[in-house]
>>> print(open('model-v3.cif').read())   # mmCIF, N, CA and C atoms and all ligand atoms
data_run
loop_
_atom_site.label_atom_id
_atom_site.label_comp_id
_atom_site.auth_asym_id
_atom_site.auth_seq_id
_atom_site.Cartn_x
_atom_site.Cartn_y
_atom_site.Cartn_z
N MET J 1 51.25 172.80 158.87
CA MET J 1 52.17 173.64 158.09
C MET J 1 53.59 173.50 158.60
N SER J 2 53.71 173.57 159.93
CA SER J 2 55.06 173.47 160.48
C SER J 2 55.64 172.06 160.22
N VAL J 3 54.76 171.07 160.16
CA VAL J 3 55.23 169.71 159.89
C VAL J 3 55.83 169.64 158.49
N GLN J 4 55.13 170.28 157.54
CA GLN J 4 55.63 170.29 156.17
C GLN J 4 57.00 170.95 156.08
N LYS J 5 57.17 172.04 156.83
CA LYS J 5 58.45 172.76 156.80
C LYS J 5 59.59 171.87 157.24
N THR J 6 59.38 171.16 158.34
CA THR J 6 60.48 170.33 158.85
C THR J 6 60.75 169.15 157.91
N LYS J 7 59.71 168.72 157.18
CA LYS J 7 59.92 167.65 156.21
C LYS J 7 60.74 168.15 155.02
N LEU J 8 60.47 169.37 154.60
CA LEU J 8 61.15 169.91 153.42
C LEU J 8 62.60 170.28 153.69
N ALA J 9 62.86 170.72 154.90
CA ALA J 9 64.20 171.23 155.20
C ALA J 9 65.33 170.24 154.86
N PRO J 10 65.26 168.98 155.31
CA PRO J 10 66.38 168.08 154.99
C PRO J 10 66.54 167.86 153.49
N VAL J 11 65.41 167.82 152.77
CA VAL J 11 65.49 167.63 151.32
C VAL J 11 66.22 168.80 150.68
N ARG J 12 65.85 169.99 151.15
CA ARG J 12 66.49 171.19 150.59
C ARG J 12 68.00 171.17 150.88
N MET J 13 68.35 170.77 152.09
CA MET J 13 69.78 170.70 152.44
C MET J 13 70.50 169.69 151.55
N LEU J 14 69.84 168.57 151.30
CA LEU J 14 70.45 167.54 150.46
C LEU J 14 70.68 168.09 149.05
N LEU J 15 69.66 168.76 148.50
CA LEU J 15 69.79 169.34 147.15
C LEU J 15 70.92 170.36 147.11
N LEU J 16 71.02 171.16 148.18
CA LEU J 16 72.08 172.17 148.24
C LEU J 16 73.45 171.49 148.21
N SER J 17 73.61 170.43 148.99
CA SER J 17 74.92 169.79 149.06
C SER J 17 75.24 169.04 147.77
N VAL J 18 74.21 168.47 147.13
CA VAL J 18 74.42 167.83 145.83
C VAL J 18 74.83 168.88 144.81
N GLY J 19 74.14 170.01 144.85
CA GLY J 19 74.47 171.12 143.95
C GLY J 19 75.90 171.60 144.16
N ALA J 20 76.30 171.73 145.41
CA ALA J 20 77.66 172.17 145.72
C ALA J 20 78.67 171.15 145.22
N GLY J 21 78.33 169.88 145.37
CA GLY J 21 79.22 168.80 144.90
C GLY J 21 79.40 168.87 143.40
N ILE J 22 78.30 169.05 142.68
CA ILE J 22 78.38 169.13 141.21
C ILE J 22 79.19 170.36 140.80
N ALA J 23 78.97 171.48 141.50
CA ALA J 23 79.72 172.71 141.19
C ALA J 23 81.22 172.47 141.39
N ALA J 24 81.57 171.76 142.46
CA ALA J 24 82.99 171.49 142.74
C ALA J 24 83.59 170.61 141.64
N ILE J 25 82.84 169.62 141.18
CA ILE J 25 83.32 168.74 140.11
C ILE J 25 83.51 169.53 138.82
N LEU J 26 82.52 170.36 138.48
CA LEU J 26 82.61 171.18 137.25
C LEU J 26 83.80 172.12 137.32
N LEU J 27 84.02 172.69 138.51
CA LEU J 27 85.15 173.60 138.69
C LEU J 27 86.46 172.83 138.49
N ALA J 28 86.55 171.64 139.06
CA ALA J 28 87.76 170.83 138.94
C ALA J 28 88.01 170.48 137.48
N LEU J 29 86.95 170.15 136.75
CA LEU J 29 87.10 169.76 135.34
C LEU J 29 87.50 170.94 134.47
N SER J 30 86.99 172.14 134.81
CA SER J 30 87.26 173.28 133.95
C SER J 30 88.47 174.08 134.41
N TRP J 31 89.02 173.76 135.57
CA TRP J 31 90.19 174.47 136.08
C TRP J 31 91.35 174.25 135.13
N PRO J 32 92.00 175.33 134.66
CA PRO J 32 92.99 175.19 133.60
C PRO J 32 94.11 174.19 133.91
N GLY J 33 94.60 174.20 135.14
CA GLY J 33 95.74 173.35 135.46
C GLY J 33 95.41 171.88 135.56
N SER J 34 94.18 171.54 135.95
CA SER J 34 93.92 170.16 136.36
C SER J 34 94.01 169.17 135.20
N ALA J 35 93.48 169.54 134.02
CA ALA J 35 93.53 168.61 132.89
C ALA J 35 94.98 168.38 132.47
N GLU J 36 95.78 169.42 132.56
CA GLU J 36 97.18 169.33 132.19
C GLU J 36 97.91 168.37 133.13
N GLU J 37 97.63 168.52 134.43
CA GLU J 37 98.26 167.64 135.40
C GLU J 37 97.79 166.20 135.22
N ALA J 38 96.53 166.04 134.84
CA ALA J 38 95.97 164.70 134.68
C ALA J 38 96.41 164.07 133.37
N ALA J 39 97.01 164.85 132.47
CA ALA J 39 97.37 164.34 131.16
C ALA J 39 98.85 164.59 130.86
N PRO J 40 99.75 163.94 131.61
CA PRO J 40 101.18 164.12 131.35
C PRO J 40 101.57 163.41 130.06
N PRO J 41 102.76 163.71 129.50
CA PRO J 41 103.17 163.08 128.24
C PRO J 41 103.35 161.57 128.35
N VAL J 42 103.80 161.10 129.51
CA VAL J 42 104.03 159.66 129.68
C VAL J 42 103.15 159.15 130.81
N THR J 43 102.39 158.10 130.53
CA THR J 43 101.57 157.51 131.59
C THR J 43 101.88 156.02 131.69
N GLU J 44 101.75 155.48 132.88
CA GLU J 44 102.02 154.06 133.12
C GLU J 44 100.75 153.39 133.60
N HIS J 45 100.52 152.20 133.10
CA HIS J 45 99.27 151.51 133.41
C HIS J 45 99.54 150.04 133.71
N GLU J 46 98.93 149.53 134.76
CA GLU J 46 98.89 148.10 134.99
C GLU J 46 97.61 147.63 134.30
N PHE J 47 97.69 146.53 133.59
CA PHE J 47 96.45 145.98 133.04
C PHE J 47 96.43 144.48 133.32
N GLY J 48 95.41 143.81 132.87
CA GLY J 48 95.21 142.41 133.24
C GLY J 48 96.29 141.44 132.78
N HIS J 49 97.19 141.89 131.92
CA HIS J 49 98.20 140.98 131.40
C HIS J 49 99.59 141.62 131.39
N GLY J 50 99.85 142.51 132.35
CA GLY J 50 101.16 143.12 132.45
C GLY J 50 101.12 144.61 132.66
N ARG J 51 102.05 145.29 132.03
CA ARG J 51 102.24 146.71 132.27
C ARG J 51 102.44 147.43 130.94
N LEU J 52 101.94 148.64 130.87
CA LEU J 52 101.96 149.40 129.62
C LEU J 52 102.45 150.82 129.92
N VAL J 53 103.41 151.29 129.14
CA VAL J 53 103.88 152.68 129.26
C VAL J 53 103.54 153.39 127.97
N TRP J 54 102.83 154.49 128.10
CA TRP J 54 102.26 155.18 126.93
C TRP J 54 102.88 156.57 126.83
N THR J 55 103.59 156.81 125.74
CA THR J 55 104.28 158.08 125.53
C THR J 55 103.69 158.81 124.33
N ILE J 56 103.40 160.08 124.50
CA ILE J 56 103.01 160.92 123.36
C ILE J 56 104.25 161.75 123.04
N ASP J 57 104.81 161.53 121.85
CA ASP J 57 106.18 161.93 121.58
C ASP J 57 106.43 163.44 121.68
N ALA J 58 105.59 164.26 121.06
CA ALA J 58 105.71 165.71 121.21
C ALA J 58 104.49 166.15 121.99
N TYR J 59 104.68 166.88 123.07
CA TYR J 59 103.56 167.15 123.94
C TYR J 59 103.57 168.59 124.38
N PRO J 60 102.40 169.23 124.54
CA PRO J 60 101.07 168.69 124.24
C PRO J 60 100.90 168.36 122.76
N ALA J 61 99.95 167.46 122.48
CA ALA J 61 99.66 167.08 121.10
C ALA J 61 99.14 168.28 120.33
N LYS J 62 99.28 168.25 119.01
CA LYS J 62 98.81 169.36 118.17
C LYS J 62 97.52 168.95 117.46
N ALA J 63 96.50 169.80 117.63
CA ALA J 63 95.23 169.54 116.97
C ALA J 63 95.41 169.59 115.45
N LEU J 64 94.71 168.74 114.75
CA LEU J 64 94.71 168.67 113.28
C LEU J 64 96.07 168.34 112.68
N ARG J 65 96.94 167.75 113.49
CA ARG J 65 98.22 167.26 112.96
C ARG J 65 98.43 165.85 113.46
N ASP J 66 99.32 165.15 112.76
CA ASP J 66 99.68 163.81 113.18
C ASP J 66 100.52 163.86 114.44
N ASN J 67 100.14 163.09 115.45
CA ASN J 67 100.90 163.02 116.68
C ASN J 67 101.35 161.58 116.90
N ALA J 68 102.65 161.41 117.10
CA ALA J 68 103.20 160.07 117.24
C ALA J 68 103.05 159.56 118.66
N PHE J 69 102.55 158.32 118.76
CA PHE J 69 102.37 157.66 120.05
C PHE J 69 103.31 156.45 120.09
N THR J 70 103.91 156.21 121.24
CA THR J 70 104.69 155.01 121.43
C THR J 70 104.18 154.30 122.69
N VAL J 71 103.87 153.03 122.54
CA VAL J 71 103.38 152.25 123.67
C VAL J 71 104.30 151.05 123.85
N THR J 72 104.88 150.92 125.02
CA THR J 72 105.69 149.73 125.30
C THR J 72 104.92 148.86 126.28
N VAL J 73 104.89 147.57 125.98
CA VAL J 73 104.10 146.64 126.78
C VAL J 73 104.99 145.53 127.29
N THR J 74 104.91 145.26 128.58
CA THR J 74 105.58 144.10 129.14
C THR J 74 104.53 143.15 129.68
N GLY J 75 104.78 141.87 129.52
CA GLY J 75 103.84 140.85 129.97
C GLY J 75 103.97 140.59 131.46
N PRO J 76 103.22 139.62 131.96
CA PRO J 76 103.26 139.30 133.40
C PRO J 76 104.65 138.87 133.86
N ASP J 77 105.48 138.38 132.91
CA ASP J 77 106.84 137.96 133.26
C ASP J 77 107.83 139.12 133.22
N GLY J 78 107.35 140.33 132.91
CA GLY J 78 108.22 141.50 132.86
C GLY J 78 108.98 141.64 131.55
N LYS J 79 108.77 140.72 130.62
CA LYS J 79 109.45 140.78 129.32
C LYS J 79 108.56 141.47 128.29
N PRO J 80 109.18 142.04 127.23
CA PRO J 80 108.37 142.70 126.19
C PRO J 80 107.27 141.79 125.67
N LEU J 81 106.07 142.33 125.57
CA LEU J 81 104.94 141.54 125.08
C LEU J 81 104.89 141.65 123.55
N HIS J 82 105.34 140.57 122.92
CA HIS J 82 105.44 140.53 121.47
C HIS J 82 104.13 140.03 120.85
N GLY J 83 103.82 140.57 119.67
CA GLY J 83 102.70 140.03 118.89
C GLY J 83 101.32 140.44 119.34
N ALA J 84 101.20 141.49 120.15
CA ALA J 84 99.87 141.95 120.54
C ALA J 84 99.28 142.79 119.41
N LYS J 85 97.96 142.88 119.40
CA LYS J 85 97.30 143.75 118.43
C LYS J 85 96.82 144.97 119.20
N LEU J 86 97.24 146.15 118.75
CA LEU J 86 96.92 147.37 119.48
C LEU J 86 96.23 148.39 118.61
N ALA J 87 95.19 149.02 119.14
CA ALA J 87 94.51 150.10 118.43
C ALA J 87 94.19 151.20 119.44
N VAL J 88 94.08 152.43 118.95
CA VAL J 88 93.82 153.56 119.83
C VAL J 88 92.58 154.31 119.36
N ASN J 89 91.78 154.75 120.32
CA ASN J 89 90.61 155.58 120.05
C ASN J 89 90.78 156.90 120.80
N LEU J 90 90.54 158.00 120.11
CA LEU J 90 90.55 159.32 120.75
C LEU J 90 89.13 159.85 120.78
N ASP J 91 88.71 160.29 121.97
CA ASP J 91 87.34 160.76 122.17
C ASP J 91 87.43 162.05 122.98
N MET J 92 86.94 163.16 122.44
CA MET J 92 87.07 164.43 123.14
C MET J 92 86.11 164.48 124.32
N LEU J 93 86.62 164.90 125.48
CA LEU J 93 85.80 164.97 126.69
C LEU J 93 84.67 165.98 126.52
N GLY J 94 83.45 165.56 126.81
CA GLY J 94 82.32 166.47 126.82
C GLY J 94 81.91 167.01 125.46
N MET J 95 82.39 166.39 124.37
CA MET J 95 82.02 166.89 123.05
C MET J 95 81.74 165.72 122.12
N ILE J 96 80.96 166.00 121.08
CA ILE J 96 80.67 164.96 120.08
C ILE J 96 81.24 165.45 118.76
N CYS J 97 82.54 165.75 118.73
CA CYS J 97 83.13 166.30 117.51
C CYS J 97 83.76 165.19 116.67
N GLY J 98 83.58 163.96 117.04
CA GLY J 98 84.09 162.87 116.22
C GLY J 98 85.24 162.14 116.88
N ASP J 99 85.15 160.82 116.90
CA ASP J 99 86.22 159.99 117.43
C ASP J 99 87.28 159.77 116.36
N VAL J 100 88.47 159.48 116.81
CA VAL J 100 89.57 159.17 115.90
C VAL J 100 90.09 157.79 116.28
N ASP J 101 90.19 156.90 115.30
CA ASP J 101 90.68 155.55 115.56
C ASP J 101 91.90 155.28 114.70
N PHE J 102 92.90 154.66 115.28
CA PHE J 102 94.05 154.25 114.48
C PHE J 102 94.72 153.03 115.09
N ALA J 103 95.41 152.29 114.24
CA ALA J 103 96.09 151.07 114.69
C ALA J 103 97.54 151.38 115.02
N MET J 104 98.10 150.60 115.91
CA MET J 104 99.51 150.72 116.25
C MET J 104 100.22 149.52 115.64
N THR J 105 101.46 149.72 115.22
CA THR J 105 102.22 148.59 114.68
C THR J 105 103.44 148.34 115.56
N GLU J 106 103.81 147.07 115.66
CA GLU J 106 104.95 146.70 116.50
C GLU J 106 106.24 147.03 115.76
N VAL J 107 107.03 147.94 116.31
CA VAL J 107 108.26 148.38 115.66
C VAL J 107 109.50 147.73 116.27
N ALA J 108 109.36 147.18 117.45
CA ALA J 108 110.40 146.42 118.14
C ALA J 108 109.65 145.52 119.10
N PRO J 109 110.24 144.43 119.58
CA PRO J 109 109.48 143.54 120.47
C PRO J 109 108.86 144.30 121.65
N GLY J 110 107.54 144.27 121.72
CA GLY J 110 106.83 144.93 122.82
C GLY J 110 106.69 146.43 122.67
N THR J 111 107.21 147.00 121.59
CA THR J 111 107.08 148.45 121.36
C THR J 111 106.18 148.70 120.16
N TYR J 112 105.12 149.45 120.37
CA TYR J 112 104.10 149.68 119.35
C TYR J 112 104.04 151.18 119.05
N ALA J 113 103.96 151.52 117.77
CA ALA J 113 103.96 152.92 117.37
C ALA J 113 102.79 153.20 116.44
N GLY J 114 102.30 154.42 116.50
CA GLY J 114 101.22 154.84 115.61
C GLY J 114 101.03 156.33 115.76
N SER J 115 100.16 156.89 114.92
CA SER J 115 99.90 158.32 115.08
C SER J 115 98.45 158.64 114.81
N GLY J 116 97.98 159.67 115.49
CA GLY J 116 96.58 160.07 115.38
C GLY J 116 96.44 161.57 115.35
N VAL J 117 95.30 162.03 114.85
CA VAL J 117 95.04 163.45 114.67
C VAL J 117 93.86 163.89 115.54
N PRO J 118 94.11 164.54 116.68
CA PRO J 118 93.00 165.10 117.45
C PRO J 118 92.35 166.22 116.62
N LEU J 119 91.03 166.22 116.56
CA LEU J 119 90.34 167.15 115.66
C LEU J 119 90.24 168.58 116.19
N MET J 120 90.39 168.73 117.51
CA MET J 120 90.25 170.06 118.11
C MET J 120 91.21 170.19 119.28
N ALA J 121 91.52 171.44 119.64
CA ALA J 121 92.30 171.69 120.85
C ALA J 121 91.41 171.40 122.05
N GLY J 122 91.97 170.81 123.08
CA GLY J 122 91.21 170.50 124.27
C GLY J 122 91.71 169.20 124.88
N THR J 123 90.92 168.66 125.80
CA THR J 123 91.32 167.44 126.47
C THR J 123 90.57 166.25 125.89
N TRP J 124 91.34 165.25 125.52
CA TRP J 124 90.80 164.04 124.90
C TRP J 124 91.06 162.85 125.81
N LYS J 125 90.16 161.89 125.72
CA LYS J 125 90.39 160.61 126.38
C LYS J 125 90.93 159.66 125.32
N ALA J 126 92.09 159.13 125.57
CA ALA J 126 92.70 158.18 124.63
C ALA J 126 92.59 156.79 125.23
N THR J 127 92.02 155.86 124.47
CA THR J 127 91.86 154.50 124.95
C THR J 127 92.60 153.54 124.03
N ALA J 128 93.48 152.75 124.60
CA ALA J 128 94.19 151.72 123.84
C ALA J 128 93.50 150.39 124.08
N THR J 129 93.21 149.69 122.99
CA THR J 129 92.66 148.34 123.09
C THR J 129 93.75 147.37 122.67
N LEU J 130 94.05 146.43 123.53
CA LEU J 130 95.14 145.49 123.31
C LEU J 130 94.60 144.07 123.30
N GLU J 131 94.91 143.36 122.22
CA GLU J 131 94.51 141.96 122.13
C GLU J 131 95.76 141.09 122.19
N SER J 132 95.73 140.15 123.11
CA SER J 132 96.87 139.24 123.25
C SER J 132 96.37 137.94 123.85
N GLY J 133 96.82 136.83 123.28
CA GLY J 133 96.44 135.51 123.81
C GLY J 133 94.94 135.29 123.86
N GLY J 134 94.22 135.83 122.88
CA GLY J 134 92.77 135.63 122.83
C GLY J 134 91.98 136.51 123.79
N GLN J 135 92.67 137.39 124.52
CA GLN J 135 91.98 138.28 125.46
C GLN J 135 92.09 139.72 124.97
N THR J 136 91.12 140.54 125.37
CA THR J 136 91.13 141.95 125.01
C THR J 136 91.18 142.79 126.28
N TYR J 137 92.08 143.77 126.28
CA TYR J 137 92.25 144.65 127.44
C TYR J 137 92.14 146.10 126.96
N THR J 138 91.68 146.99 127.84
CA THR J 138 91.68 148.41 127.47
C THR J 138 92.36 149.22 128.57
N VAL J 139 93.03 150.27 128.14
CA VAL J 139 93.72 151.19 129.04
C VAL J 139 93.39 152.60 128.55
N SER J 140 93.04 153.51 129.47
CA SER J 140 92.70 154.87 129.06
C SER J 140 93.57 155.90 129.76
N ARG J 141 93.80 157.00 129.05
CA ARG J 141 94.54 158.12 129.61
C ARG J 141 93.98 159.41 129.02
N LEU J 142 94.37 160.54 129.59
CA LEU J 142 93.97 161.81 129.03
C LEU J 142 95.07 162.34 128.12
N LEU J 143 94.67 163.14 127.16
CA LEU J 143 95.60 163.71 126.19
C LEU J 143 95.22 165.17 126.01
N LYS J 144 96.18 166.04 126.13
CA LYS J 144 95.92 167.46 125.92
C LYS J 144 96.36 167.85 124.52
N ALA J 145 95.45 168.46 123.77
CA ALA J 145 95.80 168.92 122.42
C ALA J 145 95.69 170.44 122.39
N VAL J 146 96.63 171.07 121.69
CA VAL J 146 96.61 172.53 121.52
C VAL J 146 96.65 172.84 120.04
N ARG J 147 96.37 174.07 119.70
CA ARG J 147 96.41 174.49 118.28
C ARG J 147 97.82 174.50 117.75
CU CU Q 1 85.66 168.84 120.24
#
>>> encode(input="model-v3.cif", output="C-alpha cells", more="lines below")
Ligand SMILES: [Cu+2]
Amino acid sequence: MSVQKTKLAPVRMLLLSVGAGIAAILLALSWPGSAEEAAPPVTEHEFGHGRLVWTIDAYPAKALRDNAFTVTVTGPDGKPLHGAKLAVNLDMLGMICGDVDFAMTEVAPGTYAGSGVPLMAGTWKATATLESGGQTYTVSRLLKAVR
C-alpha cells in the first residue's frame, strides 16, 4: 500500500503543475489587457523574402464594418516589393463563427490595400498570404475588433 502511495505522488504533482500551467495560460489569454497589447494597430514582420509592415487604419477594428488594411512590403534588397499577390484571412480566436477572406490590391509599388469585415467583437488572428517569385509566404498577427 505504501509503495502505491509513493508511486502515485509524483504523478499527482505532475498533474497539479500541468493544471496550474494551463490555468496560467487561460488567464493570460482572457486577461483584458493582454490581447490588446498583443494586437497593436501596426505590426512588423520579417518573412522569407523581406519585410512586411501591416497597418490597420482605424483601430481597434469595428465588427461588422469594413476595416481598411494597408500592407507595405520590402524585398530582400530593402526596396518595395512590386507585383506580389496578397490575400488576407481573418479567423476568430477560439471560435468557429466564420472566416473572412479578402484580396489586397497594389495601390503603389510595394503598398497593398484591402478591407475586411470581422464578424464579431473580440480578438482575431489575421493571416496574410503573399505570393512572389513563385513562392508563397504567410505572416500572422492579432486584430482586436470592437462593436
Ligand atoms: Cu466569434
>>> residues_near_ligand(input="model-v3.cif", ligand="ligand CU 1 (chain Q)", cutoff="8 Å", atoms="only N, CA and C atoms and all ligand atoms", output="PDB file with N, CA and C atoms, in the coordinates of the input")
ATOM      1  N   ASP J  91      88.710 160.290 121.970  1.00  0.00           N
ATOM      2  CA  ASP J  91      87.340 160.760 122.170  1.00  0.00           C
ATOM      3  C   ASP J  91      87.430 162.050 122.980  1.00  0.00           C
ATOM      4  N   MET J  92      86.940 163.160 122.440  1.00  0.00           N
ATOM      5  CA  MET J  92      87.070 164.430 123.140  1.00  0.00           C
ATOM      6  C   MET J  92      86.110 164.480 124.320  1.00  0.00           C
ATOM      7  N   LEU J  93      86.620 164.900 125.480  1.00  0.00           N
ATOM      8  CA  LEU J  93      85.800 164.970 126.690  1.00  0.00           C
ATOM      9  C   LEU J  93      84.670 165.980 126.520  1.00  0.00           C
ATOM     10  N   GLY J  94      83.450 165.560 126.810  1.00  0.00           N
ATOM     11  CA  GLY J  94      82.320 166.470 126.820  1.00  0.00           C
ATOM     12  C   GLY J  94      81.910 167.010 125.460  1.00  0.00           C
ATOM     13  N   MET J  95      82.390 166.390 124.370  1.00  0.00           N
ATOM     14  CA  MET J  95      82.020 166.890 123.050  1.00  0.00           C
ATOM     15  C   MET J  95      81.740 165.720 122.120  1.00  0.00           C
ATOM     16  N   ILE J  96      80.960 166.000 121.080  1.00  0.00           N
ATOM     17  CA  ILE J  96      80.670 164.960 120.080  1.00  0.00           C
ATOM     18  C   ILE J  96      81.240 165.450 118.760  1.00  0.00           C
ATOM     19  N   CYS J  97      82.540 165.750 118.730  1.00  0.00           N
ATOM     20  CA  CYS J  97      83.130 166.300 117.510  1.00  0.00           C
ATOM     21  C   CYS J  97      83.760 165.190 116.670  1.00  0.00           C
ATOM     22  N   GLY J  98      83.580 163.960 117.040  1.00  0.00           N
ATOM     23  CA  GLY J  98      84.090 162.870 116.220  1.00  0.00           C
ATOM     24  C   GLY J  98      85.240 162.140 116.880  1.00  0.00           C
ATOM     25  N   LEU J 119      91.030 166.220 116.560  1.00  0.00           N
ATOM     26  CA  LEU J 119      90.340 167.150 115.660  1.00  0.00           C
ATOM     27  C   LEU J 119      90.240 168.580 116.190  1.00  0.00           C
ATOM     28  N   MET J 120      90.390 168.730 117.510  1.00  0.00           N
ATOM     29  CA  MET J 120      90.250 170.060 118.110  1.00  0.00           C
ATOM     30  C   MET J 120      91.210 170.190 119.280  1.00  0.00           C
ATOM     31  N   ALA J 121      91.520 171.440 119.640  1.00  0.00           N
ATOM     32  CA  ALA J 121      92.300 171.690 120.850  1.00  0.00           C
ATOM     33  C   ALA J 121      91.410 171.400 122.050  1.00  0.00           C
ATOM     34  N   GLY J 122      91.970 170.810 123.080  1.00  0.00           N
ATOM     35  CA  GLY J 122      91.210 170.500 124.270  1.00  0.00           C
ATOM     36  C   GLY J 122      91.710 169.200 124.880  1.00  0.00           C
ATOM     37  N   THR J 123      90.920 168.660 125.800  1.00  0.00           N
ATOM     38  CA  THR J 123      91.320 167.440 126.470  1.00  0.00           C
ATOM     39  C   THR J 123      90.570 166.250 125.890  1.00  0.00           C
TER      40      THR J 123
END
>>> atom_distance(input="model-v3.cif", atom1="atom N of Phe102 (chain J)", atom2="atom N of Ala38 (chain J)")
22.9 Å
>>> atom_distance(input="model-v3.cif", atom1="CA of Val71 (chain J)", atom2="atom C of Gly110 (chain J)")
6.8 Å
>>> closest_residue(input="model-v3.cif", among="J:Val73, J:Leu90, J:Met104, J:Leu143", to="His49 (chain J)", atoms="all atoms listed in the file")
J:Val73
>>> residues_near_point(input="model-v3.cif", point="(103.1, 164.4, 115.2)", cutoff="9 Å", atoms="only C-alpha atoms", output="list in words")
Ile56, Asp57, Ala58, Ala61, Lys62, Arg65, Asp66, Asn67, Ala68, Phe69, Ser115, Gly116 and Val117 of chain J
>>> write_last_selection(input="model-v3.cif", atoms="N, CA and C atoms", output="compact mmCIF listing (two decimals), in the frame of the given file")
# COMPACT_ATOMS: atom_id res chain seq x y z
N ILE J 56 103.40 160.08 124.50
CA ILE J 56 103.01 160.92 123.36
C ILE J 56 104.25 161.75 123.04
N ASP J 57 104.81 161.53 121.85
CA ASP J 57 106.18 161.93 121.58
C ASP J 57 106.43 163.44 121.68
N ALA J 58 105.59 164.26 121.06
CA ALA J 58 105.71 165.71 121.21
C ALA J 58 104.49 166.15 121.99
N ALA J 61 99.95 167.46 122.48
CA ALA J 61 99.66 167.08 121.10
C ALA J 61 99.14 168.28 120.33
N LYS J 62 99.28 168.25 119.01
CA LYS J 62 98.81 169.36 118.17
C LYS J 62 97.52 168.95 117.46
N ARG J 65 96.94 167.75 113.49
CA ARG J 65 98.22 167.26 112.96
C ARG J 65 98.43 165.85 113.46
N ASP J 66 99.32 165.15 112.76
CA ASP J 66 99.68 163.81 113.18
C ASP J 66 100.52 163.86 114.44
N ASN J 67 100.14 163.09 115.45
CA ASN J 67 100.90 163.02 116.68
C ASN J 67 101.35 161.58 116.90
N ALA J 68 102.65 161.41 117.10
CA ALA J 68 103.20 160.07 117.24
C ALA J 68 103.05 159.56 118.66
N PHE J 69 102.55 158.32 118.76
CA PHE J 69 102.37 157.66 120.05
C PHE J 69 103.31 156.45 120.09
N SER J 115 100.16 156.89 114.92
CA SER J 115 99.90 158.32 115.08
C SER J 115 98.45 158.64 114.81
N GLY J 116 97.98 159.67 115.49
CA GLY J 116 96.58 160.07 115.38
C GLY J 116 96.44 161.57 115.35
N VAL J 117 95.30 162.03 114.85
CA VAL J 117 95.04 163.45 114.67
C VAL J 117 93.86 163.89 115.54
>>> atom_distance(input="model-v3.cif", atom1="atom N of Gly78 (chain J)", atom2="atom N of Tyr59 (chain J)")
28.4 Å
>>> residues_around(input="model-v3.cif", residues="Thr105 (chain J)", least_positions_apart="4", cutoff="5 Å", atoms="all atoms listed in the file", output="PDB file with N, CA and C atoms, in the frame of the given file")
ATOM      1  N   TYR J 112     105.120 149.450 120.370  1.00  0.00           N
ATOM      2  CA  TYR J 112     104.100 149.680 119.350  1.00  0.00           C
ATOM      3  C   TYR J 112     104.040 151.180 119.050  1.00  0.00           C
ATOM      4  N   ALA J 113     103.960 151.520 117.770  1.00  0.00           N
ATOM      5  CA  ALA J 113     103.960 152.920 117.370  1.00  0.00           C
ATOM      6  C   ALA J 113     102.790 153.200 116.440  1.00  0.00           C
ATOM      7  N   GLY J 114     102.300 154.420 116.500  1.00  0.00           N
ATOM      8  CA  GLY J 114     101.220 154.840 115.610  1.00  0.00           C
ATOM      9  C   GLY J 114     101.030 156.330 115.760  1.00  0.00           C
TER      10      GLY J 114
END
>>> closest_residue(input="model-v3.cif", among="J:Val42, J:Ala108, J:Ala103, J:Val139", to="Leu81 (chain J)", atoms="all atoms listed in the file")
J:Ala108
>>> residues_around(input="model-v3.cif", residues="Pro40 (chain J)", least_positions_apart="4", cutoff="8 Å", atoms="only N, CA and C atoms", output="MDAnalysis selection string")
chainID J and resid 35:36 54:56 59:60 141:144
>>> closest_residue(input="model-v3.cif", among="J:Val100, J:Ser140, J:Ala126, J:Glu106", to="Leu64 (chain J)", atoms="only C-alpha atoms")
J:Val100
>>> closest_residue(input="model-v3.cif", among="J:Leu86, J:Ala63, J:Val53, J:Ala39", to="Leu130 (chain J)", atoms="only C-alpha atoms")
J:Leu86
>>> closest_residue(input="model-v3.cif", among="J:Gln135, J:Glu44, J:Asp101, J:Gly75", to="Val88 (chain J)", atoms="all atoms listed in the file")
J:Asp101
>>> select_by_dssp(input="model-v3.cif", residues="region 14-140 of chain J", states="helix (DSSP H, G or I)", output="PyMOL selection string")
chain J and resi 14-30+32-38
>>> decode(input="model-v3.cif", residues="region 59-67 of chain J", atoms="N, CA and C atoms", output="mmCIF file, in the first residue's frame")
data_model
loop_
_atom_site.group_PDB
_atom_site.id
_atom_site.type_symbol
_atom_site.label_atom_id
_atom_site.label_comp_id
_atom_site.auth_asym_id
_atom_site.auth_seq_id
_atom_site.Cartn_x
_atom_site.Cartn_y
_atom_site.Cartn_z
ATOM 1 N N TYR J 59 -8.252 51.928 -35.572
ATOM 2 C CA TYR J 59 -8.056 50.846 -34.635
ATOM 3 C C TYR J 59 -8.564 51.225 -33.271
ATOM 4 N N PRO J 60 -9.144 50.278 -32.507
ATOM 5 C CA PRO J 60 -9.415 48.895 -32.901
ATOM 6 C C PRO J 60 -10.399 48.810 -34.067
ATOM 7 N N ALA J 61 -10.339 47.681 -34.775
ATOM 8 C CA ALA J 61 -11.240 47.452 -35.904
ATOM 9 C C ALA J 61 -12.682 47.400 -35.409
ATOM 10 N N LYS J 62 -13.625 47.671 -36.300
ATOM 11 C CA LYS J 62 -15.047 47.649 -35.931
ATOM 12 C C LYS J 62 -15.697 46.387 -36.489
ATOM 13 N N ALA J 63 -16.351 45.652 -35.581
ATOM 14 C CA ALA J 63 -17.054 44.439 -36.005
ATOM 15 C C ALA J 63 -18.185 44.804 -36.964
ATOM 16 N N LEU J 64 -18.408 43.969 -37.944
ATOM 17 C CA LEU J 64 -19.484 44.119 -38.935
ATOM 18 C C LEU J 64 -19.371 45.389 -39.777
ATOM 19 N N ARG J 65 -18.171 45.948 -39.845
ATOM 20 C CA ARG J 65 -17.941 47.080 -40.745
ATOM 21 C C ARG J 65 -16.670 46.812 -41.524
ATOM 22 N N ASP J 66 -16.546 47.533 -42.636
ATOM 23 C CA ASP J 66 -15.338 47.425 -43.434
ATOM 24 C C ASP J 66 -14.179 48.100 -42.717
ATOM 25 N N ASN J 67 -13.068 47.397 -42.594
ATOM 26 C CA ASN J 67 -11.871 47.953 -41.978
ATOM 27 C C ASN J 67 -10.744 47.929 -42.995
#
